[in-house]
Structures are given as C-alpha cells and as structure tokens.
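One file, target.txt, carrying compact mmCIF, C-alpha atoms:
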```
# COMPACT_ATOMS: atom_id res chain seq x y z
CA MET U 52 -7.65 -38.80 9.66
CA THR U 53 -5.28 -36.17 8.32
CA GLU U 54 -5.07 -33.04 10.44
CA LYS U 55 -6.32 -29.89 8.76
CA ASP U 56 -3.86 -27.20 7.74
CA LYS U 57 -3.77 -24.07 9.86
CA ALA U 58 -4.97 -20.65 8.75
CA VAL U 59 -4.55 -17.20 10.26
CA VAL U 60 -7.78 -15.19 10.25
CA LEU U 61 -7.55 -11.41 10.46
CA LEU U 62 -10.43 -10.79 12.85
CA SER U 63 -11.38 -7.17 13.44
CA GLY U 64 -14.48 -8.05 15.39
CA GLY U 65 -16.77 -6.93 12.56
CA MET U 66 -19.44 -8.84 10.70
CA ASP U 67 -17.39 -9.53 7.57
CA SER U 68 -14.37 -10.94 9.40
CA CYS U 69 -16.64 -13.03 11.66
CA VAL U 70 -18.31 -14.69 8.68
CA THR U 71 -14.89 -15.10 7.08
CA ALA U 72 -13.75 -16.97 10.20
CA ALA U 73 -16.80 -19.23 9.97
CA LEU U 74 -15.97 -19.98 6.34
CA ALA U 75 -12.31 -20.64 7.14
CA ARG U 76 -13.29 -23.05 9.91
CA THR U 77 -14.89 -25.41 7.40
CA SER U 78 -11.45 -26.28 5.96
CA TYR U 79 -8.75 -25.13 8.40
CA ARG U 80 -7.64 -25.07 12.00
CA LEU U 81 -7.81 -21.45 13.07
CA ALA U 82 -5.47 -18.92 14.60
CA PHE U 83 -6.93 -15.45 15.17
CA LEU U 84 -5.07 -12.17 14.72
CA HIS U 85 -6.40 -8.82 15.88
CA ALA U 86 -4.77 -5.41 15.41
CA GLY U 87 -5.53 -2.25 17.32
CA TYR U 88 -4.36 0.96 15.69
CA GLY U 89 -5.83 3.76 17.77
CA GLN U 90 -9.22 3.70 16.06
CA ARG U 91 -12.20 5.34 17.78
CA THR U 92 -13.84 2.04 18.74
CA GLU U 93 -10.66 0.14 19.55
CA ARG U 94 -11.80 -1.23 22.92
CA ARG U 95 -15.17 -2.37 21.60
CA GLU U 96 -13.61 -4.10 18.61
CA ARG U 97 -11.14 -5.88 20.89
CA ALA U 98 -14.02 -7.08 23.07
CA ALA U 99 -15.81 -8.38 19.97
CA PHE U 100 -12.64 -10.18 18.88
CA GLU U 101 -12.28 -11.94 22.23
CA ALA U 102 -15.96 -12.92 22.31
CA ILE U 103 -15.85 -14.35 18.79
CA ALA U 104 -12.63 -16.22 19.56
CA GLU U 105 -14.29 -17.76 22.61
CA PHE U 106 -17.33 -18.72 20.55
CA PHE U 107 -15.19 -20.52 17.99
CA GLU U 108 -12.97 -21.95 20.76
CA VAL U 109 -9.84 -20.58 19.13
CA ARG U 110 -7.00 -20.60 21.64
CA GLU U 111 -4.18 -19.54 19.33
CA ARG U 112 -4.56 -15.76 19.28
CA LEU U 113 -2.28 -12.81 18.64
CA VAL U 114 -3.21 -9.23 19.47
CA VAL U 115 -0.92 -6.47 18.23
CA GLN U 116 -0.85 -2.69 18.53
CA LEU U 117 -0.10 -0.72 15.39
CA ASP U 118 -0.21 2.69 17.03
CA HIS U 119 1.90 4.23 14.30
CA LEU U 120 -1.24 4.30 12.13
CA LYS U 121 -2.83 6.74 14.59
CA LYS U 122 0.35 8.83 14.64
CA ILE U 123 0.39 8.90 10.84
CA GLY U 124 -3.25 9.99 10.83
CA GLY U 125 -5.07 10.96 7.68
CA SER U 126 -8.26 9.10 8.58
CA ALA U 127 -11.43 10.00 10.45
CA LEU U 128 -11.13 6.65 12.24
CA THR U 129 -7.86 7.62 13.92
CA ASP U 130 -7.98 11.43 14.03
CA GLU U 131 -10.78 12.81 16.21
CA ARG U 132 -10.34 16.23 14.63
CA MET U 133 -11.81 14.76 11.46
CA HIS U 134 -15.55 14.21 11.21
CA VAL U 135 -16.97 10.75 10.58
CA PRO U 136 -19.52 11.25 7.79
CA GLU U 137 -23.14 10.47 8.56
CA GLY U 138 -25.89 9.84 6.06
CA GLU U 139 -25.81 7.94 2.82
CA PRO U 140 -23.18 5.19 2.53
CA HIS U 141 -20.17 6.15 0.47
CA ALA U 142 -20.34 5.03 -3.15
CA PRO U 143 -17.66 2.62 -4.43
CA VAL U 144 -14.36 4.30 -5.23
CA THR U 145 -14.14 5.95 -8.62
CA GLY U 146 -11.13 8.05 -9.56
CA ASN U 147 -10.03 10.01 -6.50
CA SER U 148 -13.25 9.41 -4.57
CA VAL U 149 -11.93 7.76 -1.40
CA PRO U 150 -13.84 8.21 1.89
CA VAL U 151 -12.22 10.01 4.82
CA THR U 152 -12.64 6.84 6.92
CA TYR U 153 -10.01 5.11 4.76
CA VAL U 154 -6.90 4.44 6.86
CA PRO U 155 -3.96 4.87 4.45
CA PHE U 156 -2.65 1.46 3.35
CA ARG U 157 -3.93 -0.10 6.59
CA ASN U 158 -4.46 -3.59 5.26
CA ALA U 159 -0.83 -3.89 4.20
CA HIS U 160 0.21 -3.40 7.83
CA PHE U 161 -2.29 -6.05 8.97
CA LEU U 162 -1.22 -8.50 6.29
CA ALA U 163 2.47 -8.00 7.02
CA VAL U 164 1.94 -9.03 10.64
CA ALA U 165 -0.24 -11.93 9.56
CA VAL U 166 2.38 -13.21 7.12
CA SER U 167 5.14 -13.03 9.73
CA TRP U 168 3.03 -14.96 12.22
CA ALA U 169 1.79 -17.46 9.64
CA GLU U 170 5.34 -18.25 8.60
CA VAL U 171 6.35 -18.90 12.20
CA ILE U 172 3.35 -21.08 13.16
CA GLY U 173 3.23 -22.93 9.85
CA ALA U 174 -0.10 -21.61 8.60
CA ARG U 175 -0.88 -22.23 4.95
CA ALA U 176 -3.42 -19.46 4.45
CA ILE U 177 -4.40 -16.00 5.67
CA PHE U 178 -8.10 -15.19 5.60
CA VAL U 179 -9.22 -11.58 5.40
CA GLY U 180 -12.79 -10.28 5.43
CA ALA U 181 -12.41 -7.61 2.77
CA VAL U 182 -15.51 -6.70 0.76
CA ALA U 183 -15.37 -4.90 -2.58
CA GLU U 184 -18.81 -5.13 -4.15
CA ASP U 185 -21.13 -3.57 -1.58
CA SER U 186 -18.94 -1.58 0.79
CA SER U 187 -17.27 1.77 1.46
CA GLY U 188 -14.92 1.13 -1.45
CA TYR U 189 -11.50 1.35 0.18
CA PRO U 190 -8.70 0.88 -2.37
CA ASP U 191 -6.97 -1.79 -0.23
CA CYS U 192 -10.10 -3.97 -0.31
CA ARG U 193 -10.00 -4.76 -4.02
CA PRO U 194 -9.31 -8.28 -5.40
CA GLU U 195 -6.28 -7.13 -7.39
CA TYR U 196 -4.72 -5.79 -4.19
CA TYR U 197 -4.79 -9.22 -2.56
CA ARG U 198 -3.54 -10.95 -5.68
CA ALA U 199 -0.59 -8.58 -5.71
CA PHE U 200 0.09 -9.06 -2.01
CA GLU U 201 0.09 -12.82 -2.41
CA GLU U 202 2.90 -12.41 -4.94
CA VAL U 203 4.80 -10.25 -2.43
CA VAL U 204 4.43 -13.06 0.11
CA ARG U 205 5.74 -15.62 -2.38
CA VAL U 206 8.81 -13.53 -3.16
CA GLY U 207 9.51 -12.31 0.36
CA THR U 208 9.31 -15.48 2.48
CA ARG U 209 11.35 -18.66 2.81
CA PRO U 210 11.46 -20.81 -0.34
CA GLU U 211 9.47 -23.57 1.38
CA THR U 212 6.79 -21.19 2.67
CA GLN U 213 3.44 -21.41 0.95
CA ILE U 214 0.82 -18.98 2.21
CA ALA U 215 -2.35 -18.19 0.27
CA ILE U 216 -4.22 -14.92 0.80
CA VAL U 217 -7.91 -15.81 0.89
CA ALA U 218 -10.70 -13.22 0.79
CA PRO U 219 -13.84 -15.40 0.62
CA VAL U 220 -16.45 -12.62 0.93
CA ILE U 221 -14.77 -10.04 -1.29
CA GLY U 222 -17.25 -10.47 -4.14
CA MET U 223 -20.37 -10.85 -1.99
CA ARG U 224 -22.98 -8.24 -1.29
CA LYS U 225 -23.42 -7.44 2.39
CA SER U 226 -26.81 -9.15 2.50
CA GLU U 227 -25.20 -12.33 1.14
CA ILE U 228 -22.64 -12.17 3.93
CA VAL U 229 -25.43 -11.94 6.51
CA ARG U 230 -27.25 -14.91 4.97
CA ARG U 231 -24.06 -16.98 4.75
CA GLY U 232 -23.25 -16.14 8.33
CA MET U 233 -26.68 -17.28 9.44
CA GLU U 234 -26.27 -20.55 7.52
CA LEU U 235 -22.91 -21.20 9.17
CA GLY U 236 -24.08 -20.23 12.65
CA ALA U 237 -21.65 -17.32 12.86
CA PRO U 238 -22.14 -15.27 16.06
CA LEU U 239 -23.26 -12.04 14.40
CA ALA U 240 -24.66 -10.76 17.70
CA LEU U 241 -21.09 -10.60 19.03
CA THR U 242 -19.77 -8.42 16.20
CA TRP U 243 -19.27 -4.65 16.09
CA SER U 244 -19.22 -2.41 13.03
CA CYS U 245 -19.83 1.18 14.18
CA TYR U 246 -17.12 3.72 13.40
CA GLN U 247 -18.06 6.11 16.22
CA PHE U 248 -19.39 4.63 19.46
CA GLU U 249 -18.72 1.70 21.77
CA ASP U 250 -21.93 1.48 23.84
CA ALA U 251 -24.58 1.44 21.11
CA ALA U 252 -23.90 1.74 17.39
CA CYS U 253 -24.66 5.16 15.92
CA GLY U 254 -26.75 3.82 13.04
CA VAL U 255 -25.77 6.69 10.74
CA CYS U 256 -22.09 6.23 9.86
CA ASP U 257 -21.14 4.51 6.61
CA SER U 258 -20.44 1.18 8.28
CA CYS U 259 -23.65 1.14 10.35
CA ARG U 260 -25.83 2.02 7.37
CA LEU U 261 -24.28 -0.65 5.18
CA ARG U 262 -24.74 -3.18 7.96
CA LEU U 263 -28.35 -2.21 8.70
CA GLN U 264 -29.22 -2.34 5.01
CA ALA U 265 -27.57 -5.76 4.73
CA PHE U 266 -29.70 -7.19 7.52
CA ALA U 267 -32.83 -5.55 6.09
CA ASP U 268 -32.12 -7.00 2.64
CA ALA U 269 -31.46 -10.41 4.19
CA GLY U 270 -34.80 -10.22 6.00
CA VAL U 271 -33.42 -10.70 9.50
CA PRO U 272 -33.08 -8.23 12.40
CA ASP U 273 -29.64 -6.92 13.31
CA PRO U 274 -29.05 -8.17 16.87
CA ILE U 275 -26.73 -5.39 18.11
CA PRO U 276 -27.96 -2.21 19.90
CA TYR U 277 -28.32 1.05 17.97
CA ARG U 278 -28.92 4.66 18.89
CA LEU U 279 -30.73 5.05 15.58
CA ARG U 280 -31.69 2.43 13.01
CA VAL U 281 -31.49 3.98 9.57
CA ALA U 282 -31.31 2.03 6.31
CA ARG U 283 -31.31 3.19 2.71
```

Conversion result in structure tokens:
Amino acid sequence: MTEKDKAVVLLSGGMDSCVTAALARTSYRLAFLHAGYGQRTERRERAAFEAIAEFFEVRERLVVQLDHLKKIGGSALTDERMHVPEGEPHAPVTGNSVPVTYVPFRNAHFLAVAVSWAEVIGARAIFVGAVAEDSSGYPDCRPEYYRAFEEVVRVGTRPETQIAIVAPVIGMRKSEIVRRGMELGAPLALTWSCYQFEDAACGVCDSCRLRLQAFADAGVPDPIPYRLRVAR
C-alpha cells in the first residue's frame, strides 16, 4: 500500500477548520498548525486545537505566536478598545463594507508559516477552513485570494516543491459544514467559535450567531455552552 501524502491543516480550533481537518484526513496524513496572535479568545482556541489534535491522533503539530498582529491592531479581535459587534451577522463584503473583526491580511501570515513548514516536512497540500458563501465576509477568505496565493507559493518555493492550497468548505453554507462534519464524525463539541469569551460562548457576536444559525438550519443542537442562544 502506498503511503498517503502529507498535508498541513491550519487549525484554529473553530468549527470550519475542524471539519476541514476531517475532510483532509480522508486523503492525507495530517500535520496540524495553530497560530496565536493575541486574539481575545487565544487560550480557549489553543485548548480547542489541542483537543481536536488529540481526537484525530495527530502528533505532528506546530504552534506559533504571531504577536505582531496584535501590535499592528486594527481589529476588534486584537484591540480591546474596539467593540465586538453584537446582533445581526455581518452581511458579505460589498465595496468597503468590511467588519471590524477583520484582522488585516491575517490569513497571509498564517499561510506563509504553513508554506514554510510544509516545504520543510514535505507536505503536498495546505488545508484552510475559509468560508466565503455564508460567513462574515472577510476579504482574505475569498476563492480568488487562495488561487492567487497558490501562485505565490509556486513562484516563491524550491523548483521541486509542489504545494496545493485547498479550501474544501469555502463554497459551503455553514449548515452544510455542520452536516458534513456530522457525517465525518468531526468532534464539533470540541470546537470554539466565540469572538469574546472563553468560558461560555456569548451567543450574540457575529461568529456565534452564524454558528448557532448553522446548527439550527442543520437540525442538530450545538453542543458547546452559551450565555445566550440567539439565531436569526
């Protein structure tokens, strides 16, 4: 039997990256990468990452600190002087309508680390759980962004290096991601999505509301604790 190729999975600890890991596991041997960047729920996301890695029995892990993103600021996720919006989920980006929870060009920093590590460990793919269709609408979560970055990887690595950027849930609605995760046995109860709190999810930030609505649309209960459970 031929050994599977290796893939690096960018695993934040959230629902989308967890399901992405489950999808990647069907075809690849996995290595998990997690980045802390001074976000409000950094410790809780790290705990989710470790729990998911244990569930999938992934031993090859890399945890990095990108604290410069907090120093740069410009996002409600990294600057506590900025308010995390509560209420209706942010509509997809149109024109200059970008939510204050967008961390400027964050995914490029994550991908750069992932590419460096993938080239060293011989991984053939990088999986990222970006969602474009039914999400907050961050500009660095769009399909064209990942196509462009894949070209950067091709040009900027060794001639023999071949690394695909794979975003398997990018075109799915959140409810589809929940259903696919259930089908694959992904440990959704171990994931964390809240932008604000680490003990129980707030239930009212953009990420919580999108998640709660996804589970409601999928017809299954969300297994994580909430202070409030509010869906559209």

Per residue of stretch 73-145 of chain U within 12 Å of stretch 244-268 of chain U, record the nearest atom pair and its distance in Å to one decimal, counting all atoms listed in the file, with rows in chain order and ascending residue number, as a tab-separated table.
```
residue	atom	partner	partner_atom	distance
U:Gln90	CA	U:Tyr246	CA	8.3
U:Arg91	CA	U:Gln247	CA	6.1
U:Thr92	CA	U:Glu249	CA	5.8
U:Glu93	CA	U:Glu249	CA	8.5
U:Arg94	CA	U:Glu249	CA	7.6
U:Arg95	CA	U:Glu249	CA	5.4
U:Glu96	CA	U:Ser244	CA	8.1
U:Arg97	CA	U:Glu249	CA	10.8
U:Ala98	CA	U:Glu249	CA	10.0
U:Ala99	CA	U:Ser244	CA	9.8
U:Phe100	CA	U:Ser244	CA	11.7
U:Ser126	CA	U:Tyr246	CA	11.4
U:Ala127	CA	U:Tyr246	CA	9.0
U:Leu128	CA	U:Tyr246	CA	6.8
U:Thr129	CA	U:Tyr246	CA	10.1
U:Asp130	CA	U:Gln247	CA	11.6
U:Glu131	CA	U:Gln247	CA	9.9
U:Met133	CA	U:Gln247	CA	11.7
U:His134	CA	U:Gln247	CA	9.8
U:Val135	CA	U:Cys256	CA	6.9
U:Pro136	CA	U:Cys256	CA	6.0
U:Glu137	CA	U:Cys256	CA	4.6
U:Gly138	CA	U:Val255	CA	5.6
U:Glu139	CA	U:Asp257	CA	6.9
U:Pro140	CA	U:Asp257	CA	4.6
U:His141	CA	U:Asp257	CA	6.4
U:Ala142	CA	U:Asp257	CA	9.8
U:Pro143	CA	U:Asp257	CA	11.7
```

Is it possible to get the residues within 8 Å of (2.5, -21.3, 8.0) (coordinates as in the file, counting only C-alpha atoms) written as JSON, numbers by chain? {"U": [57, 58, 168, 169, 170, 171, 172, 173, 174, 175, 176, 212, 213, 214]}

Surrounding residues of U:Gly89 excluding itself and chain neighbours under 6 positions, 8 Å, all atoms listed in the file, as JSON, numbers by chain: {"U": [117, 118, 120, 121, 129]}

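In terms of minimum interatomic distance to U:Arg76, U:Gly236 ranks closest within U:Pro210, U:Gly236, U:Ala269, U:Arg224, counting all atoms listed in the file.
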
Considering all atoms listed in the file, tabulate each residue of stretch 204-224 of chain U that lies at most 9 Å from stretch 178-196 of chain U along with its nearest interatomic pair and the corresponding distance in Å to one decimal; arrange the rows by chain and ascending residue number and present them as JSON lines.
```
{"residue": "U:Ala215", "atom": "CA", "partner": "U:Phe178", "partner_atom": "CA", "distance": 8.4}
{"residue": "U:Ile216", "atom": "CA", "partner": "U:Phe178", "partner_atom": "CA", "distance": 6.2}
{"residue": "U:Val217", "atom": "CA", "partner": "U:Phe178", "partner_atom": "CA", "distance": 4.8}
{"residue": "U:Ala218", "atom": "CA", "partner": "U:Val179", "partner_atom": "CA", "distance": 5.1}
{"residue": "U:Pro219", "atom": "CA", "partner": "U:Gly180", "partner_atom": "CA", "distance": 7.1}
{"residue": "U:Val220", "atom": "CA", "partner": "U:Val182", "partner_atom": "CA", "distance": 6.0}
{"residue": "U:Ile221", "atom": "CA", "partner": "U:Val182", "partner_atom": "CA", "distance": 4.0}
{"residue": "U:Gly222", "atom": "CA", "partner": "U:Glu184", "partner_atom": "CA", "distance": 5.6}
{"residue": "U:Met223", "atom": "CA", "partner": "U:Glu184", "partner_atom": "CA", "distance": 6.3}
{"residue": "U:Arg224", "atom": "CA", "partner": "U:Asp185", "partner_atom": "CA", "distance": 5.0}
```

As AutoDock Vina command-line options, please: the centre and edge lengths in Å, to one decimal, of an axis-aligned box enclosing every listed atom of stretch 174-181 of chain U with 5 Å added on each side.
```
--center_x -6.4 --center_y -14.9 --center_z 5.7 --size_x 22.7 --size_y 24.6 --size_z 15.8
```

Work out how far apart atom CA of U:Ala75 and atom CA of U:Val60 are and give it in Å to one decimal. 7.7 Å

Nearest to U:Thr71: which of U:Gly232, U:Gly87, U:Pro238, U:Pro155 is it, counting all atoms listed in the file? U:Gly232

Quote the spacing between atom CA of U:Ala86 and atom CA of U:Glu201 in Å to one decimal place.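 Going from atom CA of U:Ala86 over to atom CA of U:Glu201 covers 19.9 Å.
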
With N, CA, C and O atoms as the goal, would you fill in the gaps in stretch 90-106 of chain U and present it as a short mmCIF file (atom, residue, chain, number, x, y, z; two decimals), in the frame of the given file?
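Saved result, part_3.cif, follows:
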```cif
data_model
loop_
_atom_site.label_atom_id
_atom_site.label_comp_id
_atom_site.auth_asym_id
_atom_site.auth_seq_id
_atom_site.Cartn_x
_atom_site.Cartn_y
_atom_site.Cartn_z
N GLN U 90 -7.93 3.32 16.63
CA GLN U 90 -9.22 3.70 16.06
C GLN U 90 -10.21 4.09 17.17
O GLN U 90 -10.05 3.73 18.33
N ARG U 91 -11.24 4.82 16.81
CA ARG U 91 -12.20 5.34 17.78
C ARG U 91 -12.84 4.25 18.63
O ARG U 91 -13.10 4.45 19.81
N THR U 92 -13.14 3.12 18.02
CA THR U 92 -13.84 2.04 18.74
C THR U 92 -12.90 0.86 19.05
O THR U 92 -13.31 -0.29 19.04
N GLU U 93 -11.68 1.17 19.35
CA GLU U 93 -10.66 0.14 19.55
C GLU U 93 -11.03 -0.84 20.66
O GLU U 93 -10.92 -2.06 20.50
N ARG U 94 -11.48 -0.34 21.80
CA ARG U 94 -11.80 -1.23 22.92
C ARG U 94 -12.99 -2.13 22.59
O ARG U 94 -13.00 -3.31 22.94
N ARG U 95 -13.98 -1.58 21.94
CA ARG U 95 -15.17 -2.37 21.60
C ARG U 95 -14.85 -3.44 20.57
O ARG U 95 -15.35 -4.58 20.64
N GLU U 96 -14.01 -3.11 19.61
CA GLU U 96 -13.61 -4.10 18.61
C GLU U 96 -12.79 -5.21 19.24
O GLU U 96 -12.94 -6.39 18.89
N ARG U 97 -11.93 -4.86 20.19
CA ARG U 97 -11.14 -5.88 20.89
C ARG U 97 -12.06 -6.80 21.68
O ARG U 97 -11.87 -8.03 21.70
N ALA U 98 -13.07 -6.25 22.33
CA ALA U 98 -14.02 -7.08 23.07
C ALA U 98 -14.77 -8.03 22.14
O ALA U 98 -15.00 -9.20 22.46
N ALA U 99 -15.14 -7.53 20.96
CA ALA U 99 -15.81 -8.38 19.97
C ALA U 99 -14.89 -9.50 19.52
O ALA U 99 -15.31 -10.66 19.38
N PHE U 100 -13.63 -9.16 19.28
CA PHE U 100 -12.64 -10.18 18.88
C PHE U 100 -12.56 -11.30 19.91
O PHE U 100 -12.60 -12.49 19.57
N GLU U 101 -12.43 -10.93 21.18
CA GLU U 101 -12.28 -11.94 22.23
C GLU U 101 -13.55 -12.79 22.33
O GLU U 101 -13.47 -14.02 22.50
N ALA U 102 -14.71 -12.17 22.22
CA ALA U 102 -15.96 -12.92 22.31
C ALA U 102 -16.12 -13.90 21.16
O ALA U 102 -16.55 -15.05 21.35
N ILE U 103 -15.76 -13.47 19.95
CA ILE U 103 -15.85 -14.35 18.79
C ILE U 103 -14.84 -15.49 18.90
O ILE U 103 -15.15 -16.65 18.57
N ALA U 104 -13.65 -15.18 19.37
CA ALA U 104 -12.63 -16.22 19.56
C ALA U 104 -13.10 -17.27 20.57
O ALA U 104 -12.88 -18.47 20.37
N GLU U 105 -13.75 -16.82 21.63
CA GLU U 105 -14.29 -17.76 22.61
C GLU U 105 -15.39 -18.61 21.98
O GLU U 105 -15.47 -19.82 22.21
N PHE U 106 -16.24 -17.98 21.20
CA PHE U 106 -17.33 -18.72 20.55
C PHE U 106 -16.78 -19.84 19.67
O PHE U 106 -17.29 -20.97 19.69
#
```
